[in-house]
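J.: First, the structure itself, so that you have it in front of you.
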Amino acid sequence: MIDKEVSIIGAGPSGISAALYLKRAGIPFLLFEKNIPGGKIAFTSYIDNYPGYKNRDGVELALQMQEQLAENEIEITFDSIENITKENERFLLKGNKETYLSKYILLATGTKEKRIGLQGEERFYGKGISYCALCDGALYKNKEVAVLGGGNSALEESLYLSSIVSKVYLIHRREEFRAEEELIKKVKQKENIVLYTSYQIEKLYGTKFLEGIEVVSSLKEEKEFLPISGLFVYIGFEPSFDIVSFPIETEDGYIKTDEDMETSVARFFAIGDVRKKRLRQIVTAVSDGAIAATKIGNLRNEEYKRER
Ligand SMILES: Cc1cc2nc3c(=O)[nH]c(=O)nc-3n(C[C@H](O)[C@H](O)[C@H](O)COP(=O)(O)OP(=O)(O)OC[C@H]3O[C@@H](n4cnc5c(N)ncnc54)[C@H](O)[C@@H]3O)c2cc1C
């Protein structure tokens with residue numbers, strides 16, 4: 001069993017920021033990642049609101065964060081943590097590869113994509129249905145695709161796809177989008193983005209691969225078949241913390257924390273998108289990581305003074 005004082009679960013912006021602060025404070029820790037370091041930004045086409053970062057490419061920002069970890073001699077432990085339990089004064093983490101023990105936990109697992117809830121959705125995943133335009137967009141070069149959703153992500157990724165595919169049907173269940181004005185303007189100016197507002201998807205068609213969808217208008221009660229080969233789903237996210245096997249206080253489904261990111265469970269911190277907060281962005285995720293790591297440093301100092 002590997003014993004490290006702190007475990008950071010997730011190497012997205014919040015986990016990476018916490019790692020940098022812990023390293024500078026000389027606190028021993030492990031940084032776990034089950035997929036690609038950088039988290040959601042490694043799958044994002046445009047970033048245009050992170051101060052100091054003018055490049056706008058999400059993948060590039062994720063790579064820069066990874067480089068910064070390497071420059072600071074911070075290693076990533078590539079293991080998927082499947083379960084966290086309490087063992088006396090410590091936390092036991094069961095990973096796919098190893099078992100770990102830690103005094104402090106920084107849960108930085110972010111969110112996972114909401115599913116549409118239609119029959120065949122799981123079957124067509126990777127065979128027409130995708131939750132990442134940046135990863136899969138190129139597979140649909142010069143073809144017709146649909147994007148489902150009405151927030152910033154759906155509009156940003158529609159714009160990205162519009163430069164690759166022949167046509168994007170942007171389907172949103174309401175008449176108005178929930179996105180920034182600037183984005184809405186850009187989407188409306190694109191000739192190959194066709195807006196289907198007040199529409200919902202009713203049925204998925206295809207044998208092995210997705211071949212089309214049936215959409216229905218809530219205003220006209222009309223049904224229409226759209227012959228698409230790709231459907232990109234951006235209808236929101238839900239927090240990802242089902243690995244926590246003990247009661248923890250939540251609010252609106254997200255983990256509740258205090259100002260220092262500590263949860264209702266002592267020495268268990270939640271940072272980034274997984275916690276209850278008003279704004280889920282890179283700038284708030286990195287801030288959470290820095291605050292929680294600093295608090296852990298303070299707690300350790302207090303313990304050290306008490307023990308002396
Ligand atoms: C399409 C899209 C566009 C966006 N555009 C912007 C933007 O332009 N500007 C902006 O500021 N924000 C943007 N965001 C939001 C931003 O990406 C998030 O707020 C930010 O990534 C949250 O960081 P995080 O560290 O909390 O979580 P995440 O980035 O979700 O990272 C969580 C990490 O934890 C890992 N993980 C999860 N579970 C486990 C486990 N059990 N074991 C090990 N590892 C695990 C995941 O693999 C992942 O790498 C966008 C998001 C999306 C989806």
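Chain labels A, B, ... are given in the sequence in which chains occur in the structure tokens; within each chain residues are numbered consecutively from 1, and ligands are likewise numbered from 1 in the order shown.
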With only C-alpha atoms counted and 8 Å as the cut-off, give the residues of segment 145-225 of chain A in contact with segment 28-52 of chain A, each with its shortest interatomic distance in Å and the pair that gives it, as a Markdown table.

T.:
| residue | atom | partner | partner_atom | distance |
| --- | --- | --- | --- | --- |
| A:Glu156 | CA | A:Tyr46 | CA | 7.2 |
| A:Glu157 | CA | A:Ser45 | CA | 7.1 |
| A:Tyr160 | CA | A:Ser45 | CA | 6.9 |

J.: Can you pull out every residue within 8 Å of segment 25-27 of chain A, counting only C-alpha atoms, but drop anything in the same chain fewer than 5 positions away, and send it as a list in words?

T.: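 Result of the neighbour search: Glu5, Val6 and Gly297 of chain A.
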
J.: When you count only C-alpha atoms, which of these residues is closest to Ala70 of chain A: A:Gly120, A:Gly150, A:Ile16, A:Leu101?

T.: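 Of all the options, A:Ile16 lies closest to Ala70 of chain A.
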
J.: For segment 96-130 of chain A against segment 186-206 of chain A, with a cut-off of 12 Å and counting only C-alpha atoms, what is the closest atom pair and its distance in Å to one decimal for every residue that makes the cut, ordered by chain and number, as a Markdown table?

T.:
| residue | atom | partner | partner_atom | distance |
| --- | --- | --- | --- | --- |
| A:Ile116 | CA | A:Ile201 | CA | 8.8 |
| A:Gly117 | CA | A:Glu202 | CA | 10.1 |
| A:Leu118 | CA | A:Lys203 | CA | 6.9 |
| A:Gln119 | CA | A:Leu204 | CA | 7.3 |
| A:Gly120 | CA | A:Leu204 | CA | 6.8 |
| A:Glu121 | CA | A:Leu204 | CA | 7.7 |
| A:Glu122 | CA | A:Leu204 | CA | 11.1 |
| A:Arg123 | CA | A:Gly206 | CA | 10.1 |
| A:Phe124 | CA | A:Gly206 | CA | 8.5 |
| A:Tyr125 | CA | A:Leu204 | CA | 11.6 |
| A:Lys127 | CA | A:Gly206 | CA | 9.7 |
| A:Gly128 | CA | A:Gly206 | CA | 9.3 |
| A:Ile129 | CA | A:Leu204 | CA | 9.9 |

J.: Just checking: using only C-alpha atoms and all ligand atoms, which residue out of A:Asn142, A:Thr99, A:Thr77, A:Ser229 ends up closest to ligand 1?

T.: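 Selected residue with least distance to ligand 1: A:Thr77.
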
J.: Report, in Å to a single decimal, how far apart atom CA of Glu98 of chain A and atom CA of Gln66 of chain A are.

T.: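 One can read the atom CA of Gln66 of chain A to atom CA of Glu98 of chain A distance as 23.0 Å.
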
J.: If you run DSSP on this backbone, which residues of segment 110-201 of chain A come out as alpha helix (DSSP H), and could you give them as number ranges by chain?

T.: A: 121-124, 133-136, 152-162, 181-189

J.: Identify which of the residues A:Phe269, A:Tyr254, A:Phe241, A:Tyr104 lies closest to ligand 1, counting only C-alpha atoms and all ligand atoms when measuring atom-to-atom distances.

T.: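 When distances to ligand 1 are compared using only C-alpha atoms and all ligand atoms, the smallest one comes from A:Phe241.
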